[in-house]
file final29.cif (mmCIF, C-alpha atoms and all ligand atoms)
data_data
loop_
_atom_site.label_atom_id
_atom_site.label_comp_id
_atom_site.auth_asym_id
_atom_site.auth_seq_id
_atom_site.Cartn_x
_atom_site.Cartn_y
_atom_site.Cartn_z
CA MET A 1 -36.36 88.70 107.40
CA GLN A 2 -32.74 89.83 107.64
CA ILE A 3 -29.44 88.53 108.95
CA ASP A 4 -26.54 90.99 108.85
CA GLY A 5 -28.55 93.23 106.54
CA ARG A 6 -29.22 90.44 104.02
CA PRO A 7 -32.74 89.15 103.45
CA TYR A 8 -33.16 85.46 104.20
CA ARG A 9 -35.87 82.89 104.37
CA THR A 10 -35.44 79.78 106.48
CA ILE A 11 -35.72 77.57 103.39
CA PHE A 12 -35.21 78.50 99.75
CA PRO A 13 -34.61 76.66 96.47
CA ASP A 14 -31.08 76.36 95.15
CA PRO A 15 -30.39 77.71 91.66
CA ASP A 16 -29.76 74.07 90.56
CA GLY A 17 -33.53 73.53 90.79
CA VAL A 18 -33.20 70.18 92.56
CA SER A 19 -32.24 71.12 96.11
CA VAL A 20 -32.94 73.67 98.84
CA GLN A 21 -30.87 75.58 101.37
CA VAL A 22 -31.93 75.79 105.00
CA ILE A 23 -30.55 77.74 107.94
CA ASP A 24 -29.01 75.26 110.40
CA GLN A 25 -30.87 76.22 113.58
CA THR A 26 -28.79 73.91 115.78
CA ARG A 27 -25.86 76.32 115.25
CA LEU A 28 -27.73 79.52 116.18
CA PRO A 29 -27.29 81.97 117.83
CA PHE A 30 -23.50 81.61 117.72
CA ALA A 31 -22.95 80.55 114.11
CA PHE A 32 -24.94 81.21 110.95
CA GLU A 33 -24.61 78.29 108.58
CA LEU A 34 -26.64 77.07 105.63
CA GLN A 35 -27.21 73.41 104.86
CA ARG A 36 -28.12 71.98 101.47
CA LEU A 37 -30.91 69.41 101.38
CA ALA A 38 -31.31 67.28 98.27
CA SER A 39 -32.46 63.82 99.39
CA LEU A 40 -35.30 62.18 101.28
CA ASP A 41 -32.89 61.05 103.99
CA GLY A 42 -31.34 64.50 104.27
CA ALA A 43 -34.70 66.21 104.66
CA ALA A 44 -35.91 63.63 107.20
CA ARG A 45 -32.68 63.97 109.19
CA ALA A 46 -32.88 67.78 109.16
CA ILE A 47 -36.38 67.62 110.64
CA ARG A 48 -35.58 64.90 113.19
CA THR A 49 -32.40 66.58 114.46
CA MET A 50 -34.04 70.01 114.48
CA VAL A 51 -31.72 71.62 111.95
CA VAL A 52 -35.13 72.94 110.91
CA ARG A 53 -37.91 73.20 113.44
CA GLY A 54 -41.15 75.04 114.11
CA ALA A 55 -44.45 73.64 112.85
CA PRO A 56 -44.84 75.53 109.55
CA LEU A 57 -41.17 75.14 108.60
CA ILE A 58 -41.09 71.39 109.14
CA GLY A 59 -44.21 71.16 106.96
CA VAL A 60 -42.45 72.96 104.09
CA THR A 61 -39.27 70.90 104.58
CA ALA A 62 -41.29 67.68 104.48
CA ALA A 63 -42.94 68.83 101.24
CA TYR A 64 -39.50 69.34 99.67
CA GLY A 65 -38.41 65.99 101.14
CA LEU A 66 -41.22 64.33 99.23
CA ALA A 67 -40.02 66.03 96.06
CA PHE A 68 -36.46 64.74 96.61
CA ALA A 69 -37.88 61.25 97.16
CA MET A 70 -39.52 61.45 93.75
CA ARG A 71 -36.10 61.87 92.14
CA GLU A 72 -34.98 58.71 93.91
CA ASP A 73 -38.06 56.52 93.33
CA ALA A 74 -41.20 58.04 91.81
CA SER A 75 -43.26 54.84 91.94
CA ASN A 76 -46.37 54.57 94.13
CA ALA A 77 -44.38 52.40 96.52
CA GLY A 78 -41.65 55.05 96.63
CA LEU A 79 -44.25 57.70 97.38
CA ASP A 80 -45.80 55.66 100.20
CA HIS A 81 -42.38 54.96 101.68
CA ALA A 82 -41.38 58.63 101.59
CA VAL A 83 -44.64 59.81 103.18
CA ALA A 84 -44.21 57.27 106.00
CA ALA A 85 -40.55 58.15 106.54
CA LEU A 86 -41.21 61.90 106.72
CA ALA A 87 -44.35 61.55 108.85
CA ALA A 88 -42.35 59.54 111.39
CA THR A 89 -39.79 62.31 111.97
CA ARG A 90 -41.83 64.38 114.42
CA PRO A 91 -45.31 63.39 115.61
CA THR A 92 -46.90 66.49 117.15
CA ALA A 93 -46.96 69.35 114.63
CA ILE A 94 -49.85 68.70 112.25
CA ASN A 95 -48.39 71.01 109.60
CA LEU A 96 -45.99 68.24 108.66
CA ARG A 97 -48.79 65.71 108.07
CA TRP A 98 -50.89 68.38 106.35
CA ALA A 99 -48.11 69.24 103.89
CA LEU A 100 -47.42 65.56 103.14
CA ASP A 101 -51.12 64.88 102.47
CA ARG A 102 -51.34 67.89 100.19
CA VAL A 103 -48.28 67.06 98.11
CA ALA A 104 -48.91 63.29 98.02
CA GLY A 105 -52.55 63.83 96.98
CA ASN A 106 -51.32 66.00 94.15
CA LEU A 107 -48.69 63.47 93.07
CA ARG A 108 -51.15 60.57 92.93
CA GLN A 109 -52.92 62.38 90.09
CA VAL A 110 -49.87 62.24 87.79
CA GLN A 111 -47.54 59.60 86.41
CA ALA A 112 -44.10 58.94 87.88
CA PRO A 113 -42.03 61.00 85.40
CA GLU A 114 -43.94 64.16 86.26
CA ARG A 115 -43.78 63.71 90.00
CA PHE A 116 -40.53 65.41 90.96
CA ALA A 117 -41.34 68.67 89.17
CA ARG A 118 -44.91 68.60 90.51
CA ALA A 119 -43.79 68.09 94.10
CA PHE A 120 -41.00 70.67 93.94
CA ALA A 121 -43.42 73.29 92.59
CA GLU A 122 -46.08 72.40 95.16
CA ALA A 123 -43.57 72.66 98.01
CA GLY A 124 -42.67 76.12 96.70
CA ARG A 125 -46.34 77.10 96.70
CA ILE A 126 -46.76 75.90 100.29
CA ALA A 127 -43.75 78.03 101.27
CA GLU A 128 -45.19 81.12 99.55
CA GLU A 129 -48.60 80.58 101.16
CA ASP A 130 -46.94 80.28 104.56
CA VAL A 131 -45.23 83.63 104.09
CA ALA A 132 -48.54 85.24 103.10
CA SER A 133 -50.37 83.61 106.05
CA CYS A 134 -47.77 84.76 108.56
CA ARG A 135 -47.79 88.29 107.17
CA ALA A 136 -51.60 88.33 107.47
CA ILE A 137 -51.35 87.03 111.06
CA GLY A 138 -49.08 89.99 111.75
CA ASN A 139 -51.59 92.41 110.26
CA HIS A 140 -54.48 90.96 112.26
CA GLY A 141 -52.54 90.71 115.52
CA VAL A 142 -50.95 94.16 115.53
CA GLY A 143 -54.24 95.73 116.61
CA LEU A 144 -53.97 93.98 119.97
CA ILE A 145 -50.66 95.69 120.65
CA ALA A 146 -51.83 99.03 119.25
CA GLU A 147 -54.92 98.99 121.49
CA ILE A 148 -52.87 98.44 124.67
CA ALA A 149 -50.32 101.09 123.64
CA GLN A 150 -53.11 103.60 123.06
CA ARG A 151 -54.95 102.75 126.29
CA THR A 152 -51.90 102.79 128.57
CA GLY A 153 -49.75 105.35 126.79
CA ARG A 154 -46.62 103.28 127.43
CA THR A 155 -44.54 100.41 126.05
CA VAL A 156 -46.49 97.16 125.63
CA ASN A 157 -44.87 94.12 127.27
CA VAL A 158 -45.59 90.95 125.32
CA LEU A 159 -44.55 87.57 126.73
CA THR A 160 -43.80 84.76 124.29
CA HIS A 161 -42.73 81.15 124.74
CA CYS A 162 -40.40 79.05 122.59
CA ASN A 163 -39.64 80.38 119.11
CA ALA A 164 -42.63 81.20 116.98
CA GLY A 165 -40.79 83.75 114.92
CA TRP A 166 -39.57 83.74 111.34
CA LEU A 167 -37.15 80.91 112.09
CA ALA A 168 -40.11 78.64 112.91
CA THR A 169 -41.85 79.43 109.64
CA VAL A 170 -40.62 80.42 106.18
CA ASP A 171 -40.68 84.13 107.03
CA TRP A 172 -42.31 86.56 109.52
CA GLY A 173 -43.34 83.94 112.08
CA THR A 174 -46.64 83.41 113.82
CA ALA A 175 -46.51 84.80 117.38
CA LEU A 176 -43.75 87.24 116.46
CA ALA A 177 -45.42 88.51 113.28
CA PRO A 178 -47.70 90.99 115.13
CA ILE A 179 -44.64 92.13 117.08
CA TYR A 180 -42.61 92.74 113.91
CA VAL A 181 -45.51 94.61 112.32
CA ALA A 182 -45.93 96.70 115.49
CA HIS A 183 -42.21 97.45 115.66
CA GLU A 184 -42.13 98.48 111.99
CA ALA A 185 -45.12 100.74 112.58
CA GLY A 186 -43.26 102.48 115.40
CA LEU A 187 -45.44 101.13 118.21
CA PRO A 188 -43.60 100.83 121.53
CA VAL A 189 -43.27 97.09 122.13
CA HIS A 190 -40.99 95.08 124.40
CA VAL A 191 -40.86 91.26 124.32
CA ILE A 192 -40.40 89.06 127.36
CA VAL A 193 -38.70 85.94 126.01
CA ASP A 194 -39.07 82.68 127.95
CA GLU A 195 -35.77 80.80 127.66
CA THR A 196 -37.74 77.59 126.94
CA ARG A 197 -35.84 74.70 128.41
CA PRO A 198 -34.77 72.13 127.51
CA ARG A 199 -33.67 73.25 124.03
CA ASN A 200 -33.74 76.97 124.78
CA GLN A 201 -35.50 78.05 121.59
CA GLY A 202 -36.46 81.31 123.32
CA ALA A 203 -32.99 82.20 124.59
CA ALA A 204 -31.20 81.04 121.43
CA LEU A 205 -33.60 81.71 118.56
CA THR A 206 -36.25 84.23 119.58
CA ALA A 207 -33.63 86.44 121.20
CA PHE A 208 -31.41 86.09 118.09
CA GLU A 209 -34.28 87.16 115.84
CA LEU A 210 -35.33 90.09 117.98
CA ASN A 211 -31.72 91.24 118.34
CA GLY A 212 -31.33 91.10 114.57
CA HIS A 213 -34.36 93.31 114.05
CA GLY A 214 -33.73 95.74 116.87
CA VAL A 215 -36.86 94.78 118.81
CA PRO A 216 -36.46 95.54 122.53
CA HIS A 217 -36.63 92.33 124.56
CA THR A 218 -35.58 90.64 127.80
CA VAL A 219 -34.83 86.93 128.18
CA VAL A 220 -36.19 85.40 131.39
CA ALA A 221 -35.93 81.97 132.97
CA ASP A 222 -38.99 79.88 132.21
CA ASN A 223 -40.25 80.09 135.77
CA ALA A 224 -40.25 83.91 135.88
CA GLY A 225 -43.45 84.46 133.88
CA GLY A 226 -45.96 84.05 136.73
CA HIS A 227 -44.05 86.46 138.96
CA LEU A 228 -43.83 89.07 136.19
CA MET A 229 -47.55 88.76 135.54
CA GLN A 230 -48.39 89.25 139.22
CA HIS A 231 -46.36 92.47 139.20
CA GLY A 232 -47.98 94.06 136.16
CA GLN A 233 -44.97 93.48 133.91
CA VAL A 234 -46.84 91.55 131.21
CA ASP A 235 -49.66 93.15 129.20
CA LEU A 236 -50.24 90.38 126.71
CA CYS A 237 -49.08 86.85 125.90
CA ILE A 238 -48.74 85.62 122.31
CA VAL A 239 -47.49 82.12 121.55
CA GLY A 240 -47.51 79.86 118.50
CA SER A 241 -48.99 76.39 118.08
CA ASP A 242 -47.96 73.02 116.69
CA ARG A 243 -51.50 71.71 116.51
CA THR A 244 -54.82 73.32 117.40
CA THR A 245 -57.97 71.21 117.57
CA ALA A 246 -61.29 72.05 115.91
CA SER A 247 -62.49 72.94 119.42
CA GLY A 248 -59.70 75.46 120.04
CA ASP A 249 -57.36 73.45 122.28
CA VAL A 250 -53.79 74.54 121.62
CA CYS A 251 -50.75 72.29 121.61
CA ASN A 252 -47.46 74.17 121.82
CA LYS A 253 -44.00 73.88 123.32
CA ILE A 254 -43.84 72.39 126.81
CA GLY A 255 -44.49 75.09 129.41
CA THR A 256 -47.08 76.98 127.38
CA TYR A 257 -49.92 75.60 129.54
CA LEU A 258 -48.34 76.93 132.74
CA LYS A 259 -48.08 80.39 131.18
CA ALA A 260 -51.73 80.24 130.14
CA LEU A 261 -52.74 79.30 133.70
CA ALA A 262 -50.74 82.18 135.14
CA ALA A 263 -52.19 84.58 132.56
CA HIS A 264 -55.71 83.41 133.38
CA ASP A 265 -55.13 83.90 137.12
CA ASN A 266 -53.84 87.42 136.51
CA GLY A 267 -56.44 88.50 133.95
CA ILE A 268 -53.84 88.87 131.18
CA PRO A 269 -54.97 88.20 127.60
CA PHE A 270 -53.45 85.01 126.20
CA TYR A 271 -53.45 84.78 122.39
CA VAL A 272 -52.24 82.03 120.09
CA ALA A 273 -51.09 82.83 116.54
CA LEU A 274 -51.37 80.12 113.90
CA PRO A 275 -51.95 79.57 110.20
CA PHE A 276 -54.76 77.29 108.95
CA SER A 277 -52.24 74.48 108.35
CA THR A 278 -51.90 74.12 112.14
CA ILE A 279 -55.58 73.32 112.68
CA ASP A 280 -56.40 69.63 113.05
CA TRP A 281 -60.09 69.54 112.14
CA THR A 282 -60.31 65.85 113.09
CA LEU A 283 -59.65 66.41 116.80
CA ARG A 284 -61.87 67.83 119.56
CA ASP A 285 -60.04 67.01 122.80
CA GLY A 286 -56.46 68.18 122.61
CA VAL A 287 -55.31 66.78 125.96
CA ALA A 288 -56.62 63.30 125.18
CA GLU A 289 -55.95 63.13 121.47
CA ILE A 290 -52.81 65.03 120.45
CA PRO A 291 -49.69 62.82 120.39
CA ILE A 292 -46.96 64.47 122.46
CA GLU A 293 -43.43 63.95 121.25
CA GLU A 294 -41.09 62.51 123.87
CA ARG A 295 -37.54 63.57 123.06
CA ASP A 296 -34.10 62.38 124.08
CA ALA A 297 -33.34 62.60 127.81
CA ARG A 298 -29.99 64.15 126.89
CA GLU A 299 -31.77 67.41 126.05
CA VAL A 300 -32.60 67.66 129.78
CA THR A 301 -29.42 66.22 131.25
CA HIS A 302 -26.97 68.23 129.14
CA LEU A 303 -26.51 71.83 128.03
CA THR A 304 -24.37 73.05 125.16
CA GLY A 305 -23.03 76.57 125.10
CA ARG A 306 -20.21 78.85 124.08
CA LEU A 307 -17.13 79.18 126.24
CA ALA A 308 -15.38 82.47 126.97
CA ASP A 309 -12.66 81.56 124.43
CA GLY A 310 -15.24 81.13 121.67
CA GLY A 311 -15.16 77.34 121.72
CA PHE A 312 -18.21 75.20 122.47
CA ALA A 313 -18.80 72.77 125.29
CA THR A 314 -21.50 70.39 126.37
CA VAL A 315 -21.88 69.96 130.11
CA GLU A 316 -23.96 67.63 132.26
CA VAL A 317 -26.42 69.39 134.60
CA VAL A 318 -28.50 66.58 136.13
CA SER A 319 -27.44 64.25 138.91
CA PRO A 320 -26.04 61.22 137.02
CA GLY A 321 -28.33 58.20 137.08
CA SER A 322 -31.56 60.09 137.80
CA PRO A 323 -34.40 59.03 135.49
CA VAL A 324 -35.44 61.81 133.13
CA ALA A 325 -38.61 62.57 131.14
CA ASN A 326 -38.72 65.00 128.24
CA PRO A 327 -42.22 65.67 126.86
CA ALA A 328 -41.71 68.33 124.18
CA PHE A 329 -45.21 69.83 124.03
CA ASP A 330 -48.28 70.41 126.18
CA VAL A 331 -51.90 71.31 125.55
CA THR A 332 -53.64 74.47 126.70
CA PRO A 333 -57.42 74.02 126.75
CA GLY A 334 -59.30 76.55 124.62
CA ARG A 335 -61.01 77.97 127.73
CA LEU A 336 -57.66 79.49 128.76
CA VAL A 337 -57.07 81.08 125.35
CA THR A 338 -58.39 84.59 124.77
CA GLY A 339 -58.27 84.27 120.99
CA LEU A 340 -56.67 82.60 117.99
CA ILE A 341 -54.89 84.97 115.60
CA THR A 342 -55.09 83.44 112.12
CA GLU A 343 -54.50 84.63 108.57
CA ARG A 344 -58.25 85.27 108.33
CA GLY A 345 -58.62 87.26 111.53
CA ILE A 346 -58.99 86.63 115.26
CA ALA A 347 -61.32 83.85 116.41
CA ARG A 348 -62.64 82.71 119.76
CA ALA A 349 -60.81 79.52 120.75
CA ASP A 350 -63.79 77.21 120.36
CA THR A 351 -65.63 75.34 117.63
CA GLU A 352 -67.97 78.18 116.70
CA GLY A 353 -65.16 80.72 116.74
CA LEU A 354 -63.08 78.66 114.31
CA LEU A 355 -66.03 77.80 112.08
CA GLY A 356 -66.86 81.50 111.91
CA LEU A 357 -63.48 82.09 110.25
CA TYR A 358 -63.47 78.86 108.22
CA PRO A 359 -67.14 78.42 107.23
CA GLU A 360 -66.17 75.93 104.51
CA ARG A 361 -65.43 73.50 107.37
CA ARG A 362 -68.95 73.70 108.75
CA GLN A 363 -70.24 70.78 106.73
CA ALA A 364 -67.35 68.56 107.76
CA ALA A 365 -67.75 69.44 111.47
O1 LIG A 401 -39.77 71.72 118.99
P1 LIG A 401 -39.89 72.93 118.10
O2 LIG A 401 -38.77 73.89 118.25
O3 LIG A 401 -40.15 72.54 116.66
O4 LIG A 401 -41.20 73.63 118.64
C1 LIG A 401 -41.66 74.81 118.05
C2 LIG A 401 -42.80 75.41 118.77
O5 LIG A 401 -43.32 74.87 119.71
C3 LIG A 401 -43.37 76.64 118.19
O6 LIG A 401 -43.84 77.49 119.19
C4 LIG A 401 -44.51 76.19 117.27
O7 LIG A 401 -44.00 75.39 116.23
C5 LIG A 401 -45.30 77.27 116.72
S1 LIG A 401 -44.34 78.26 115.68
C6 LIG A 401 -44.72 78.79 114.37
#
call {"tool": "encode", "arguments": {"input": "final29.cif", "output": "structure tokens", "more": "lines below"}}
Ligand code: MRU
result
Amino acid sequence: MQIDGRPYRTIFPDPDGVSVQVIDQTRLPFAFELQRLASLDGAARAIRTMVVRGAPLIGVTAAYGLAFAMREDASNAGLDHAVAALAATRPTAINLRWALDRVAGNLRQVQAPERFARAFAEAGRIAEEDVASCRAIGNHGVGLIAEIAQRTGRTVNVLTHCNAGWLATVDWGTALAPIYVAHEAGLPVHVIVDETRPRNQGAALTAFELNGHGVPHTVVADNAGGHLMQHGQVDLCIVGSDRTTASGDVCNKIGTYLKALAAHDNGIPFYVALPFSTIDWTLRDGVAEIPIEERDAREVTHLTGRLADGGFATVEVVSPGSPVANPAFDVTPGRLVTGLITERGIARADTEGLLGLYPERRQAA
């Protein structure tokens, strides 16, 4: 997608052939800065500190991290160490583990001297596949928006949570891909953007993306969604996912479950957009089995923002001394999900629905 008229991806190889550039998402929306990653430690830190974030993007970054590790120590022990270090950065999004397994499996088939080039090329392939998957998600999902536009004859209001746009992937995004495709096709679409406390990925990143592409949108406080749904101001919800079980339970940014409950109560379709790399075929009960990342209490107790003079400030917003909890994700049971928008089409959010789209998984199920 574009920033200031220039096409960008969130991660792209440097001309030196041994490093990548990423967009530093901790600086958005107020500053656009690139960061160079060239080491295992650098890649792991970028994921942990959320310089890069979003399930598909951290998968691609981890794949490159494994490549960098192979320049540092390409032995089997070095490979095991790098996989463990990268896997420990963020526990919930399965794309990260999926990418590590794919690259490491590939590397175990070759000798140490070949490993860096192998891993770097494989990471590049994962990035390209992610772009193609997200574009296909957009093509499959746009029909949902087109159908509502045709039926109602007015602008379609789509609510989204967190950032599941191009910044969360390599390009296009998951939940935002159908919106971008709709906007490009001239369909009347307006996005209701949940701010998404505590890190404000909606207010900072989704709004930044939509602004950059001229997509009409309105940022709302997280708690506004239910009220808007009750008053007919939401036609459709589309969110992303960090891990979806084989039975269709969806793990996504904290607060997603509450939106799904409100959508269910108001008869509003609730769709989840995800590529195949987000599906954890080993799990059946998302609430019981998906590990939920607990992040630093400071994300809840403090807010950072821009001052009127252009400077930045971090301020405390919670009564000092109060205990704080910060679970970063929640799980929406498949029964509350109208459908899963994948690169292969739209599936019911249950085992049969997913197996219908991925029949090669039937034997394993
Ligand atoms: O903690 P984050 O910012 O990495 O969380 C991101 C989300 O929850 C996204 O909605 C999710 O990764 C799906 S996006 C493609």
call {"tool": "residues_near_ligand", "arguments": {"input": "final29.cif", "ligand": "ligand LIG 401 (chain A)", "cutoff": "8 Å", "atoms": "only C-alpha atoms and all ligand atoms", "output": "PyMOL selection string"}}
result
chain A and resi 50+52-58+93+161-166+168-169+173-175+199+201+239-242+252-254+273-274+328-329
call {"tool": "residues_around", "arguments": {"input": "final29.cif", "residues": "A:Arg243", "least_positions_apart": "4", "cutoff": "12 Å", "atoms": "all atoms listed in the file", "output": "number ranges by chain"}}
result
A: 54-56, 91-98, 247-253, 272-287, 289-292, 329-332
call {"tool": "residues_near_point", "arguments": {"input": "final29.cif", "point": "(-43.7, 97.5, 124.6)", "cutoff": "8 Å", "atoms": "only C-alpha atoms", "output": "short mmCIF file (atom, residue, chain, number, x, y, z; two decimals) with C-alpha atoms, in the coordinates of the input"}}
result
data_model
loop_
_atom_site.label_atom_id
_atom_site.label_comp_id
_atom_site.auth_asym_id
_atom_site.auth_seq_id
_atom_site.Cartn_x
_atom_site.Cartn_y
_atom_site.Cartn_z
CA ALA A 149 -50.32 101.09 123.64
CA ARG A 154 -46.62 103.28 127.43
CA THR A 155 -44.54 100.41 126.05
CA VAL A 156 -46.49 97.16 125.63
CA ASN A 157 -44.87 94.12 127.27
CA VAL A 158 -45.59 90.95 125.32
CA LEU A 187 -45.44 101.13 118.21
CA PRO A 188 -43.60 100.83 121.53
CA VAL A 189 -43.27 97.09 122.13
CA HIS A 190 -40.99 95.08 124.40
CA VAL A 191 -40.86 91.26 124.32
CA PRO A 216 -36.46 95.54 122.53
#
call {"tool": "residues_near_point", "arguments": {"input": "final29.cif", "point": "(-51.1, 62.4, 96.2)", "cutoff": "12 Å", "atoms": "all atoms listed in the file", "output": "ChimeraX atom specification"}}
result
/A:63,66-67,70,74-76,78-80,82-83,98-112,115,118-119,122
call {"tool": "atom_distance", "arguments": {"input": "final29.cif", "atom1": "atom CA of A:Arg348", "atom2": "atom CA of A:Ala263"}}
result
16.6 Å
